[in-house]
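Just work.cif here, mmCIF, C-alpha atoms:
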```cif
data_data
loop_
_atom_site.label_atom_id
_atom_site.label_comp_id
_atom_site.auth_asym_id
_atom_site.auth_seq_id
_atom_site.Cartn_x
_atom_site.Cartn_y
_atom_site.Cartn_z
CA MET A 1 8.27 -29.62 17.87
CA SER A 2 4.70 -30.54 18.37
CA ALA A 3 2.08 -29.69 15.79
CA PHE A 4 -0.17 -28.45 18.57
CA THR A 5 0.21 -25.73 21.14
CA PRO A 6 0.19 -26.88 24.81
CA GLY A 7 -3.22 -25.28 25.22
CA GLU A 8 -4.62 -27.28 22.32
CA ILE A 9 -3.19 -30.52 23.66
CA THR A 10 -4.75 -29.80 27.04
CA ALA A 11 -8.14 -29.21 25.43
CA ILE A 12 -7.91 -32.41 23.36
CA ALA A 13 -6.85 -34.53 26.34
CA LEU A 14 -9.56 -32.99 28.51
CA SER A 15 -12.20 -33.65 25.86
CA LEU A 16 -11.21 -37.29 25.60
CA LYS A 17 -11.19 -37.69 29.38
CA VAL A 18 -14.59 -36.02 29.76
CA ALA A 19 -16.15 -38.02 26.91
CA VAL A 20 -14.76 -41.39 28.05
CA VAL A 21 -15.78 -40.83 31.69
CA ALA A 22 -19.23 -39.61 30.65
CA ALA A 23 -19.82 -42.67 28.43
CA VAL A 24 -18.39 -45.27 30.81
CA VAL A 25 -19.97 -43.97 34.03
CA SER A 26 -23.41 -43.57 32.46
CA LEU A 27 -23.35 -47.03 30.84
CA PRO A 28 -24.61 -49.02 33.88
CA PHE A 29 -27.41 -46.48 34.38
CA GLY A 30 -28.18 -46.63 30.68
CA VAL A 31 -28.42 -50.42 30.83
CA ALA A 32 -30.68 -50.26 33.88
CA CYS A 33 -33.01 -47.67 32.30
CA GLY A 34 -32.99 -49.43 28.92
CA TRP A 35 -33.89 -52.72 30.55
CA LEU A 36 -36.67 -51.15 32.63
CA LEU A 37 -38.21 -49.55 29.54
CA ALA A 38 -37.82 -52.67 27.41
CA ARG A 39 -38.90 -55.34 29.86
CA ARG A 40 -41.03 -53.89 32.65
CA GLU A 41 -44.42 -52.28 32.94
CA PHE A 42 -44.89 -49.88 35.83
CA PRO A 43 -47.06 -46.89 36.66
CA GLY A 44 -45.58 -43.66 35.34
CA LYS A 45 -43.54 -45.43 32.67
CA ALA A 46 -44.57 -42.92 29.98
CA LEU A 47 -43.51 -40.05 32.22
CA PHE A 48 -40.22 -41.78 33.09
CA ASP A 49 -39.54 -42.26 29.38
CA ALA A 50 -40.35 -38.61 28.65
CA VAL A 51 -38.11 -37.31 31.46
CA LEU A 52 -35.21 -39.40 30.14
CA LEU A 53 -35.72 -37.88 26.69
CA LEU A 54 -35.91 -34.29 27.97
CA PRO A 55 -32.21 -33.41 27.50
CA LEU A 56 -32.60 -34.28 23.82
CA VAL A 57 -35.38 -31.77 23.19
CA MET A 58 -34.74 -29.03 25.73
CA PRO A 59 -32.42 -26.18 24.76
CA PRO A 60 -28.96 -27.22 26.05
CA VAL A 61 -28.67 -23.88 27.83
CA VAL A 62 -31.73 -24.80 29.88
CA THR A 63 -30.27 -28.19 30.78
CA GLY A 64 -27.02 -26.46 31.77
CA TYR A 65 -28.91 -23.97 33.91
CA VAL A 66 -30.88 -26.73 35.65
CA LEU A 67 -27.59 -28.52 36.36
CA LEU A 68 -26.18 -25.28 37.75
CA ILE A 69 -29.13 -24.88 40.09
CA MET A 70 -29.00 -28.48 41.26
CA PHE A 71 -25.30 -29.34 41.19
CA GLY A 72 -23.73 -25.90 41.64
CA ASN A 73 -21.92 -25.18 44.90
CA GLN A 74 -25.09 -23.62 46.30
CA GLY A 75 -27.31 -26.19 44.58
CA VAL A 76 -29.49 -28.63 46.49
CA ILE A 77 -27.50 -31.70 45.46
CA GLY A 78 -24.20 -29.92 44.78
CA ALA A 79 -23.91 -28.49 48.28
CA TRP A 80 -24.64 -31.84 49.86
CA LEU A 81 -22.16 -33.72 47.66
CA ARG A 82 -19.47 -31.17 48.40
CA GLU A 83 -20.09 -31.21 52.13
CA TYR A 84 -20.33 -34.97 52.65
CA LEU A 85 -18.50 -36.62 49.76
CA GLY A 86 -16.05 -33.89 48.83
CA VAL A 87 -17.18 -34.07 45.20
CA GLN A 88 -17.46 -30.78 43.39
CA PHE A 89 -19.05 -30.40 39.98
CA ALA A 90 -19.20 -26.64 39.49
CA PHE A 91 -16.38 -25.30 37.30
CA ARG A 92 -14.58 -28.65 37.32
CA TRP A 93 -13.99 -31.25 34.62
CA THR A 94 -16.27 -33.57 36.60
CA GLY A 95 -19.07 -31.09 35.96
CA ALA A 96 -18.31 -31.16 32.24
CA ALA A 97 -18.49 -34.97 32.35
CA LEU A 98 -21.82 -34.80 34.20
CA ALA A 99 -23.29 -32.36 31.69
CA CYS A 100 -22.08 -34.50 28.77
CA ALA A 101 -23.42 -37.69 30.38
CA ILE A 102 -26.85 -36.10 30.86
CA MET A 103 -26.93 -34.81 27.29
CA GLY A 104 -25.89 -38.17 25.83
CA PHE A 105 -28.11 -40.26 28.08
CA PRO A 106 -31.27 -40.24 25.89
CA LEU A 107 -29.28 -41.52 22.91
CA MET A 108 -27.60 -44.20 24.99
CA VAL A 109 -30.83 -45.43 26.60
CA ARG A 110 -32.57 -45.54 23.24
CA ALA A 111 -29.89 -47.73 21.64
CA ILE A 112 -29.77 -50.10 24.63
CA ARG A 113 -33.54 -50.27 24.94
CA LEU A 114 -33.98 -51.17 21.28
CA SER A 115 -31.36 -53.91 21.44
CA ILE A 116 -32.88 -55.41 24.60
CA GLU A 117 -36.32 -55.31 23.00
CA ALA A 118 -34.84 -57.14 20.03
CA THR A 119 -33.40 -60.01 22.11
CA ASP A 120 -35.56 -63.11 22.00
CA ARG A 121 -37.66 -63.40 25.15
CA ARG A 122 -38.20 -67.07 24.38
CA LEU A 123 -34.50 -67.65 25.04
CA GLU A 124 -34.89 -65.93 28.41
CA ALA A 125 -37.84 -68.20 29.16
CA ALA A 126 -35.75 -71.23 28.18
CA ALA A 127 -32.99 -70.11 30.55
CA ALA A 128 -35.52 -69.76 33.37
CA THR A 129 -36.79 -73.32 32.87
CA LEU A 130 -33.16 -74.46 33.15
CA GLY A 131 -33.03 -73.04 36.66
CA ALA A 132 -31.50 -69.63 36.02
CA ALA A 133 -32.71 -66.93 38.41
CA PRO A 134 -33.69 -63.62 36.78
CA TRP A 135 -30.33 -61.96 37.49
CA ARG A 136 -28.48 -64.89 35.90
CA VAL A 137 -30.76 -64.78 32.86
CA PHE A 138 -29.96 -61.08 32.54
CA PHE A 139 -26.18 -61.43 32.74
CA THR A 140 -25.76 -64.64 30.73
CA ILE A 141 -28.47 -64.31 28.07
CA THR A 142 -29.95 -60.81 27.78
CA LEU A 143 -26.75 -58.80 28.14
CA PRO A 144 -24.53 -60.82 25.77
CA LEU A 145 -27.25 -60.86 23.12
CA ALA A 146 -27.89 -57.12 23.49
CA TRP A 147 -24.15 -56.34 23.37
CA PRO A 148 -24.20 -54.50 20.02
CA GLY A 149 -26.75 -52.08 21.45
CA LEU A 150 -24.56 -51.46 24.50
CA VAL A 151 -21.58 -50.65 22.31
CA ALA A 152 -23.67 -48.43 20.05
CA GLY A 153 -25.12 -46.67 23.10
CA ALA A 154 -21.70 -46.04 24.63
CA VAL A 155 -20.27 -44.75 21.36
CA LEU A 156 -23.24 -42.45 20.81
CA ALA A 157 -22.79 -41.09 24.33
CA PHE A 158 -19.06 -40.63 23.70
CA ALA A 159 -19.69 -38.82 20.42
CA LYS A 160 -22.37 -36.65 21.96
CA ALA A 161 -20.02 -35.81 24.84
CA LEU A 162 -17.28 -34.84 22.42
CA GLY A 163 -19.57 -32.43 20.64
CA GLU A 164 -21.48 -31.16 23.67
CA PHE A 165 -21.21 -27.43 24.06
CA GLY A 166 -24.28 -25.56 25.29
CA ALA A 167 -25.04 -27.35 28.54
CA THR A 168 -21.36 -27.71 29.43
CA ILE A 169 -20.44 -24.07 28.94
CA THR A 170 -23.56 -22.95 30.83
CA PHE A 171 -22.88 -25.25 33.74
CA VAL A 172 -19.10 -25.17 34.16
CA SER A 173 -18.04 -22.24 31.96
CA ASN A 174 -15.00 -22.27 29.68
CA ILE A 175 -11.90 -22.56 31.85
CA PRO A 176 -8.72 -23.66 30.04
CA GLY A 177 -7.31 -26.82 31.59
CA GLN A 178 -10.38 -27.39 33.72
CA THR A 179 -13.54 -27.25 31.63
CA GLN A 180 -12.39 -26.07 28.21
CA THR A 181 -13.14 -29.02 25.97
CA LEU A 182 -12.42 -29.26 22.26
CA SER A 183 -15.69 -27.61 21.28
CA ALA A 184 -15.27 -24.83 23.83
CA ALA A 185 -11.67 -24.28 22.70
CA ILE A 186 -12.75 -23.95 19.06
CA TYR A 187 -15.47 -21.53 20.13
CA GLY A 188 -12.92 -19.56 22.13
CA LEU A 189 -10.53 -19.35 19.18
CA LEU A 190 -13.37 -18.13 16.96
CA GLN A 191 -13.54 -15.00 19.16
CA VAL A 192 -9.86 -14.26 18.48
CA PRO A 193 -8.79 -12.65 15.18
CA GLY A 194 -6.14 -14.57 13.23
CA ALA A 195 -6.55 -17.90 15.03
CA GLU A 196 -7.67 -19.81 11.94
CA ALA A 197 -4.74 -22.24 12.04
CA GLY A 198 -5.62 -23.36 15.57
CA ILE A 199 -9.29 -23.71 14.63
CA TRP A 200 -8.38 -25.90 11.68
CA ARG A 201 -6.10 -28.11 13.76
CA LEU A 202 -8.74 -28.69 16.44
CA THR A 203 -11.46 -29.22 13.85
CA ALA A 204 -9.33 -31.90 12.19
CA VAL A 205 -8.79 -33.58 15.56
CA ALA A 206 -12.53 -33.59 16.30
CA PHE A 207 -13.14 -35.09 12.88
CA VAL A 208 -10.55 -37.85 13.34
CA ILE A 209 -11.69 -38.78 16.88
CA SER A 210 -15.34 -39.02 15.78
CA LEU A 211 -14.44 -41.17 12.81
CA LEU A 212 -12.27 -43.48 14.92
CA ALA A 213 -15.06 -43.87 17.49
CA LEU A 214 -17.51 -44.92 14.79
CA LEU A 215 -15.04 -47.37 13.24
CA LEU A 216 -14.24 -48.83 16.67
CA SER A 217 -17.90 -49.41 17.47
CA GLU A 218 -18.50 -51.00 14.08
CA TRP A 219 -15.54 -53.31 14.67
CA LEU A 220 -16.67 -54.28 18.20
CA VAL A 221 -20.18 -55.06 17.03
CA ARG A 222 -18.97 -57.07 14.08
CA ARG A 223 -16.52 -59.04 16.20
CA GLN A 224 -19.26 -59.98 18.65
CA ARG A 225 -21.59 -60.97 15.82
CA VAL A 226 -18.93 -63.22 14.36
CA ARG A 227 -18.38 -64.77 17.78
CA ASN A 228 -22.09 -65.38 18.23
CA GLU A 229 -22.46 -67.07 14.92
CA HIS A 230 -19.42 -69.33 14.70
CA MET B 231 -46.53 -88.68 38.78
CA LEU B 232 -48.16 -85.65 37.24
CA SER B 233 -51.25 -84.24 38.84
CA LEU B 234 -52.78 -81.24 37.20
CA ASP B 235 -56.16 -79.56 37.43
CA ILE B 236 -56.17 -76.04 36.08
CA GLU B 237 -58.33 -73.50 34.38
CA LEU B 238 -56.74 -71.47 31.59
CA ARG B 239 -58.25 -68.21 30.42
CA ARG B 240 -57.22 -65.73 27.81
CA GLY B 241 -59.78 -63.36 26.34
CA ASP B 242 -62.70 -65.54 25.27
CA TYR B 243 -60.62 -68.69 25.55
CA ARG B 244 -61.50 -70.72 28.62
CA ARG B 245 -60.56 -74.27 29.30
CA GLN B 246 -60.52 -76.67 32.18
CA VAL B 247 -57.67 -79.18 31.94
CA ARG B 248 -57.34 -82.17 34.22
CA ILE B 249 -54.53 -84.70 33.92
CA GLU B 250 -54.01 -87.29 36.62
CA ASP B 251 -51.89 -90.08 35.31
CA ALA B 252 -49.41 -92.49 36.80
CA ALA B 253 -48.10 -93.51 33.37
CA ARG B 254 -44.53 -92.46 32.84
CA VAL B 255 -44.94 -90.99 29.38
CA VAL B 256 -48.22 -89.18 28.87
CA ALA B 257 -48.99 -87.84 25.43
CA LEU B 258 -51.09 -84.73 25.13
CA VAL B 259 -52.75 -84.77 21.73
CA GLY B 260 -55.28 -82.62 19.95
CA PRO B 261 -55.61 -80.15 17.11
CA SER B 262 -53.53 -76.99 17.09
CA GLY B 263 -55.25 -74.21 19.00
CA ALA B 264 -56.53 -76.61 21.65
CA GLY B 265 -54.10 -75.14 24.18
CA LYS B 266 -51.57 -77.98 24.48
CA THR B 267 -48.58 -75.66 24.62
CA SER B 268 -50.39 -73.48 27.18
CA VAL B 269 -50.63 -76.51 29.46
CA LEU B 270 -46.87 -77.09 29.17
CA ASN B 271 -46.18 -73.40 29.80
CA ALA B 272 -48.41 -73.52 32.87
CA ILE B 273 -46.47 -76.48 34.26
CA ALA B 274 -43.15 -74.78 33.50
CA GLY B 275 -44.23 -71.54 35.17
CA LEU B 276 -44.12 -69.48 32.00
CA LEU B 277 -47.87 -68.90 32.08
CA ARG B 278 -50.03 -68.45 35.15
CA PRO B 279 -53.27 -70.44 35.12
CA TRP B 280 -56.44 -68.62 36.08
CA ALA B 281 -56.97 -71.12 38.88
CA GLY B 282 -56.14 -74.65 39.91
CA ARG B 283 -53.32 -76.83 41.14
CA ILE B 284 -50.21 -78.44 39.63
CA ALA B 285 -48.10 -81.03 41.44
CA ILE B 286 -45.36 -83.44 40.39
CA ASP B 287 -44.65 -86.46 42.57
CA GLY B 288 -46.48 -84.71 45.39
CA ARG B 289 -44.43 -81.50 45.07
CA VAL B 290 -46.78 -78.57 44.57
CA LEU B 291 -45.69 -76.11 41.88
CA PHE B 292 -48.86 -74.10 41.71
CA ASP B 293 -51.92 -73.88 43.90
CA SER B 294 -54.17 -70.87 43.48
CA GLN B 295 -56.07 -71.55 46.71
CA ALA B 296 -52.96 -71.99 48.83
CA GLY B 297 -51.30 -69.05 47.09
CA ILE B 298 -48.41 -71.16 45.82
CA ASP B 299 -46.77 -70.15 42.53
CA LEU B 300 -43.14 -71.24 42.24
CA PRO B 301 -41.15 -69.15 39.75
CA ALA B 302 -40.03 -70.99 36.61
CA HIS B 303 -36.42 -71.31 37.72
CA ARG B 304 -37.37 -73.16 40.92
CA ARG B 305 -39.72 -75.70 39.35
CA ARG B 306 -37.14 -78.26 38.22
CA ILE B 307 -38.78 -78.70 34.85
CA GLY B 308 -36.99 -79.93 31.76
CA TYR B 309 -38.61 -78.23 28.79
CA VAL B 310 -37.81 -79.18 25.21
CA PHE B 311 -39.31 -76.52 22.99
CA GLN B 312 -40.61 -76.98 19.49
CA ASP B 313 -37.91 -74.64 18.20
CA ALA B 314 -35.05 -75.98 20.40
CA ARG B 315 -34.18 -72.48 21.66
CA LEU B 316 -30.48 -73.17 22.04
CA PHE B 317 -28.50 -70.11 23.13
CA PRO B 318 -26.88 -68.77 19.94
CA HIS B 319 -23.91 -67.15 21.68
CA LEU B 320 -22.84 -70.34 23.48
CA ASP B 321 -21.40 -73.51 21.96
CA VAL B 322 -23.10 -76.88 22.44
CA ARG B 323 -21.02 -77.74 25.51
CA ALA B 324 -21.92 -74.47 27.25
CA ASN B 325 -25.57 -74.92 26.27
CA LEU B 326 -25.55 -78.39 27.85
CA ARG B 327 -23.94 -77.11 31.02
CA TYR B 328 -26.25 -74.11 31.41
CA GLY B 329 -28.88 -75.84 33.54
CA ARG B 330 -28.53 -75.91 37.30
CA HIS B 331 -31.52 -77.38 39.03
CA GLY B 332 -29.38 -79.95 40.83
CA GLY B 333 -28.42 -77.67 43.69
CA GLY B 334 -26.87 -79.68 46.50
CA GLU B 335 -28.35 -82.99 45.41
CA GLU B 336 -26.26 -85.52 43.63
CA ALA B 337 -26.68 -85.17 39.90
CA ARG B 338 -28.90 -87.89 38.56
CA PHE B 339 -27.73 -87.60 34.98
CA SER B 340 -24.04 -87.20 34.27
CA PHE B 341 -22.74 -85.11 31.42
CA ASP B 342 -20.91 -87.97 29.72
CA ASP B 343 -23.86 -90.37 29.97
CA ILE B 344 -26.32 -87.93 28.46
CA VAL B 345 -23.93 -86.94 25.69
CA ALA B 346 -23.41 -90.60 24.83
CA LEU B 347 -27.10 -91.43 25.07
CA LEU B 348 -27.99 -88.72 22.58
CA GLY B 349 -24.97 -89.25 20.33
CA ILE B 350 -23.81 -85.65 20.45
CA GLU B 351 -20.13 -86.20 21.31
CA GLY B 352 -19.03 -84.80 17.98
CA LEU B 353 -21.05 -81.60 18.30
CA LEU B 354 -19.76 -80.22 21.60
CA ALA B 355 -17.57 -77.46 20.17
CA ARG B 356 -20.12 -76.29 17.59
CA ARG B 357 -22.35 -73.26 17.64
CA PRO B 358 -26.10 -73.90 17.45
CA ARG B 359 -26.37 -72.31 14.02
CA HIS B 360 -24.14 -75.03 12.62
CA LEU B 361 -26.43 -77.83 13.78
CA SER B 362 -29.12 -79.52 11.72
CA GLY B 363 -32.68 -79.46 13.07
CA GLY B 364 -32.37 -82.99 14.43
CA GLU B 365 -29.01 -82.32 16.06
CA ALA B 366 -30.34 -79.14 17.65
CA GLN B 367 -33.28 -81.05 19.14
CA ARG B 368 -30.96 -83.73 20.56
CA VAL B 369 -28.85 -81.02 22.18
CA ALA B 370 -32.01 -79.36 23.51
CA ILE B 371 -33.11 -82.67 25.07
CA GLY B 372 -29.65 -83.12 26.58
CA ARG B 373 -29.68 -79.60 27.97
CA ALA B 374 -33.08 -80.15 29.57
CA LEU B 375 -31.99 -83.48 31.13
CA LEU B 376 -28.70 -82.10 32.46
CA ALA B 377 -30.65 -79.49 34.40
CA GLN B 378 -31.66 -82.52 36.53
CA PRO B 379 -35.41 -82.00 36.18
CA ALA B 380 -38.25 -83.80 37.95
CA ILE B 381 -40.26 -84.07 34.73
CA LEU B 382 -39.53 -83.65 31.05
CA LEU B 383 -41.92 -81.58 28.93
CA LEU B 384 -41.65 -82.00 25.17
CA ASP B 385 -43.55 -79.65 22.89
CA GLU B 386 -43.82 -81.25 19.45
CA PRO B 387 -40.07 -81.83 19.34
CA LEU B 388 -40.33 -83.43 15.90
CA SER B 389 -42.65 -81.01 14.17
CA ALA B 390 -39.94 -78.76 12.78
CA LEU B 391 -38.19 -81.73 11.15
CA ASP B 392 -38.71 -83.44 7.81
CA ARG B 393 -39.72 -87.08 7.64
CA ALA B 394 -36.20 -88.52 7.48
CA ARG B 395 -35.03 -86.42 10.43
CA ARG B 396 -38.09 -87.45 12.42
CA GLU B 397 -37.29 -91.11 11.91
CA GLU B 398 -33.74 -90.36 12.98
CA LEU B 399 -34.78 -88.69 16.23
CA ILE B 400 -37.52 -91.09 17.39
CA PRO B 401 -35.06 -93.81 18.50
CA TYR B 402 -33.29 -91.23 20.68
CA LEU B 403 -36.60 -90.29 22.29
CA GLN B 404 -37.30 -93.97 22.92
CA ARG B 405 -33.87 -94.34 24.52
CA VAL B 406 -34.54 -91.36 26.74
CA ARG B 407 -37.86 -92.92 27.71
CA ASP B 408 -36.38 -96.36 28.43
CA GLU B 409 -33.04 -95.51 29.98
CA ILE B 410 -33.95 -92.40 31.89
CA ARG B 411 -36.79 -93.14 34.19
CA LEU B 412 -38.33 -89.73 34.25
CA PRO B 413 -41.97 -88.67 33.89
CA MET B 414 -42.57 -87.15 30.49
CA LEU B 415 -45.40 -85.09 29.06
CA TYR B 416 -45.27 -85.23 25.30
CA VAL B 417 -47.29 -82.85 23.16
CA SER B 418 -48.00 -83.88 19.60
CA HIS B 419 -50.67 -83.90 16.98
CA ARG B 420 -49.31 -86.95 15.15
CA GLU B 421 -50.79 -90.26 16.09
CA ASP B 422 -47.94 -92.47 14.85
CA GLU B 423 -45.42 -90.53 16.91
CA VAL B 424 -47.56 -90.84 20.01
CA ARG B 425 -48.08 -94.57 19.56
CA ARG B 426 -44.34 -95.15 19.39
CA ILE B 427 -43.42 -93.05 22.39
CA ALA B 428 -46.21 -92.64 24.91
CA ASP B 429 -47.71 -95.02 27.51
CA ALA B 430 -50.93 -93.09 27.93
CA VAL B 431 -52.81 -90.54 25.86
CA HIS B 432 -54.71 -87.50 26.97
CA THR B 433 -56.78 -85.76 24.34
CA MET B 434 -57.58 -82.06 24.24
CA ASP B 435 -60.33 -80.99 21.85
CA LEU B 436 -61.01 -77.57 20.45
#
```

With the file now loaded, output its structure as structure tokens.
Amino acid sequence: MSAFTPGEITAIALSLKVAVVAAVVSLPFGVACGWLLARREFPGKALFDAVLLLPLVMPPVVTGYVLLIMFGNQGVIGAWLREYLGVQFAFRWTGAALACAIMGFPLMVRAIRLSIEATDRRLEAAAATLGAAPWRVFFTITLPLAWPGLVAGAVLAFAKALGEFGATITFVSNIPGQTQTLSAAIYGLLQVPGAEAGIWRLTAVAFVISLLALLLSEWLVRRQRVRNEH
Amino acid sequence: MLSLDIELRRGDYRRQVRIEDAARVVALVGPSGAGKTSVLNAIAGLLRPWAGRIAIDGRVLFDSQAGIDLPAHRRRIGYVFQDARLFPHLDVRANLRYGRHGGGEEARFSFDDIVALLGIEGLLARRPRHLSGGEAQRVAIGRALLAQPAILLLDEPLSALDRARREELIPYLQRVRDEIRLPMLYVSHREDEVRRIADAVHTMDL
């Protein structure tokens, strides 16, 4: 007999899927934005930076509502995506992943930007004098040296996605098996009298997953550092 | 042959530099702050001169009037920095193989020859952080040469070393000069070093 009810297992699996997809899919965008902010000057950079940070400071409900307006079935982008690409976000797990990715994005970009800023530009210059075009410098020098920041950024995004609640529930509601993540499931159980055991089980799971994610990122960063130095 | 006539400007700093020399190894000497490194950076394409023209063996790298400004990675420059600047995440072998100016042309310097010339056979599997200052500079010279450059720029390659290490590295520089017939621009502020390595001296004052 399993220690969890089928509904709980569904919520846990869905949470992991949403968090992993949110972190992995937003990583390339996070790297691109982090690199732009760290290495390029362009008009409107301050505004660009501020817009990226918005999800961190806005009430999550507002972010969720904006997503609903834009990516809902009647939304400007949502309707188009549904019509031409067959991708639907509203009331689907993909919508939960989108909301989580948006909410975690400022944290991810910040970690990546800092690590790219910390990589030695003189090494990039040396690579250029050796005949490496800018894209090769980026992939062979900048990216490997900024690796710890990428890992940290992805883990932060994953952790944020796991804990995301406000924007997700506003955007895609709380549908078991579709959009009911761990946090939403705990919230749902809190509305039911006598569900303390379930709440405790899910809380313990959230605790363990978060801890494992942090340990994993620490291990990845340390392994890369050891590789770089020996 | 190096032909350079540029004006450098930064804030209040303004300087006209003109070097036209057929000698193979030209030393650029002068006190620190005279802008010697800026001249090397301008040749390498890491710093854009205010105006002027830079050509090597008739190949124009920069010409403000003609609107020519080749990016650093197309200039075929071998640059040995004061601080070596080896890539910390790559071993010595991968550092040496990083450069790729050669393109379709036949490589002028082969890997084995350069490694033997600089005496770095035993270091190939090491990471840069496990090299002494002198070893790191030898690897940096090898890396620059294996990029098959048209000119070798050396920015005080001995200044980070103590006296014993300097004496150890000078013979390697002389071998590079004698066995590899490549134009070299050598920046230094030490007269003895210059006398032992360069054919001609160009002085930059403050």

* Asked: Hey, what's within 12 Å of Leu143 in chain A if we count all atoms listed in the file and toss same-chain stuff fewer than 2 positions away? As a list in words, please?
  -> Pro28, Val31, Ala32, Gly34, Trp35, Ile112, Arg113, Ser115, Ile116, Glu117, Ala118, Thr119, Asp120, Glu124, Trp135, Arg136, Val137, Phe138, Phe139, Thr140, Ile141, Leu145, Ala146, Trp147, Pro148, Gly149, Leu150 and Val151 of chain A; His319 of chain B

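Counting all atoms listed in the file and comparing B:Arg373, B:Arg245, B:Arg420, B:His432, the residue that lies closest to chain A is B:Arg373.
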
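Residues near the point (-21.3, -69.0, 24.9), at a distance of 10 Å or less over only C-alpha atoms, make up Thr140, Ile141, Pro144, Arg227 and Asn228 of chain A; Phe317, Pro318, His319, Leu320, Asp321, Val322, Arg323, Ala324, Asn325, Tyr328 and Arg357 of chain B.
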
Can you list every residue of range 323-422 of chain B that has an atom at most 8 Å from range 290-312 of chain B, with its nearest atom pair and the distance in Å to one decimal, using only C-alpha atoms, ordered by chain then number, as a Markdown table?
```
| residue | atom | partner | partner_atom | distance |
| --- | --- | --- | --- | --- |
| B:His331 | CA | B:Arg306 | CA | 5.7 |
| B:Gln367 | CA | B:Val310 | CA | 7.8 |
| B:Ala370 | CA | B:Val310 | CA | 6.0 |
| B:Ile371 | CA | B:Val310 | CA | 5.9 |
| B:Ala374 | CA | B:Gly308 | CA | 4.5 |
| B:Leu375 | CA | B:Gly308 | CA | 6.2 |
| B:Ala377 | CA | B:Gly308 | CA | 6.9 |
| B:Gln378 | CA | B:Arg306 | CA | 7.1 |
| B:Pro379 | CA | B:Arg306 | CA | 4.6 |
| B:Ala380 | CA | B:Arg306 | CA | 5.7 |
| B:Ile381 | CA | B:Ile307 | CA | 5.6 |
| B:Leu382 | CA | B:Gly308 | CA | 4.6 |
| B:Leu383 | CA | B:Tyr309 | CA | 4.7 |
| B:Leu384 | CA | B:Val310 | CA | 4.8 |
| B:Asp385 | CA | B:Gln312 | CA | 5.2 |
| B:Glu386 | CA | B:Gln312 | CA | 5.3 |
| B:Pro387 | CA | B:Gln312 | CA | 4.9 |
| B:Leu388 | CA | B:Gln312 | CA | 7.4 |
| B:Ser389 | CA | B:Gln312 | CA | 7.0 |
| B:Ala390 | CA | B:Gln312 | CA | 7.0 |
```

* So what does the PyMOL selection byres ((chain A and resi 85-99) around 9) actually pick up in this one, as JSON, numbers by chain? -> {"A": [14, 17, 18, 19, 20, 21, 22, 23, 63, 64, 67, 68, 71, 72, 73, 78, 79, 80, 81, 82, 83, 84, 100, 101, 102, 103, 104, 161, 164, 167, 168, 169, 171, 172, 173, 174, 175, 177, 178, 179, 180, 181]}

* To do: To one decimal in Å, tell me the separation between CA of Trp280 in chain B and CA of Arg239 in chain B.
  =>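 Separating CA of Trp280 in chain B from CA of Arg239 in chain B is a distance of 6.0 Å.
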
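Between CA of Leu52 in chain A and CA of Pro106 in chain A the interatomic distance comes to 5.9 Å.
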
* Asked: Which polymer residues have any atom within 8 Å of an atom of Leu399 in chain B, counting only C-alpha atoms, with same-chain residues fewer than 3 positions away left out, as a list in words?
  ->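 Contacts, with the query itself left out: Gly364, Arg368, Leu388, Arg395, Arg396, Tyr402 and Leu403 of chain B.
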
* Residue nearest chain B - candidates A:Ser15, A:Thr142, A:Thr10, A:Gln74, atoms counted: all atoms listed in the file -> A:Thr142

* Output the residue selection produced by the PyMOL selection byres ((chain B and resi 259) around 7) on the file above, formatted as a PyMOL selection string. => chain B and resi 257-258+260+417-419+432-434

Can I get the selected residues back with C-alpha atoms, as a PDB file, in the frame of the given file?
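Output contents, as saved in again38.pdb:
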```pdb
ATOM      1  CA  ALA B 257     -48.990 -87.840  25.430  1.00  0.00           C
ATOM      2  CA  LEU B 258     -51.090 -84.730  25.130  1.00  0.00           C
ATOM      3  CA  GLY B 260     -55.280 -82.620  19.950  1.00  0.00           C
ATOM      4  CA  VAL B 417     -47.290 -82.850  23.160  1.00  0.00           C
ATOM      5  CA  SER B 418     -48.000 -83.880  19.600  1.00  0.00           C
ATOM      6  CA  HIS B 419     -50.670 -83.900  16.980  1.00  0.00           C
ATOM      7  CA  HIS B 432     -54.710 -87.500  26.970  1.00  0.00           C
ATOM      8  CA  THR B 433     -56.780 -85.760  24.340  1.00  0.00           C
ATOM      9  CA  MET B 434     -57.580 -82.060  24.240  1.00  0.00           C
TER      10      MET B 434
END
```

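Shortest separation to Met58 in chain A among A:Met70, A:Gly30, A:Gly166, A:Arg121 occurs at residue A:Gly166, atoms counted being only C-alpha atoms.
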
* CA of Val76 in chain A to CA of Ala154 in chain A: how many Å, to one decimal? ->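 The value is 29.0 Å.
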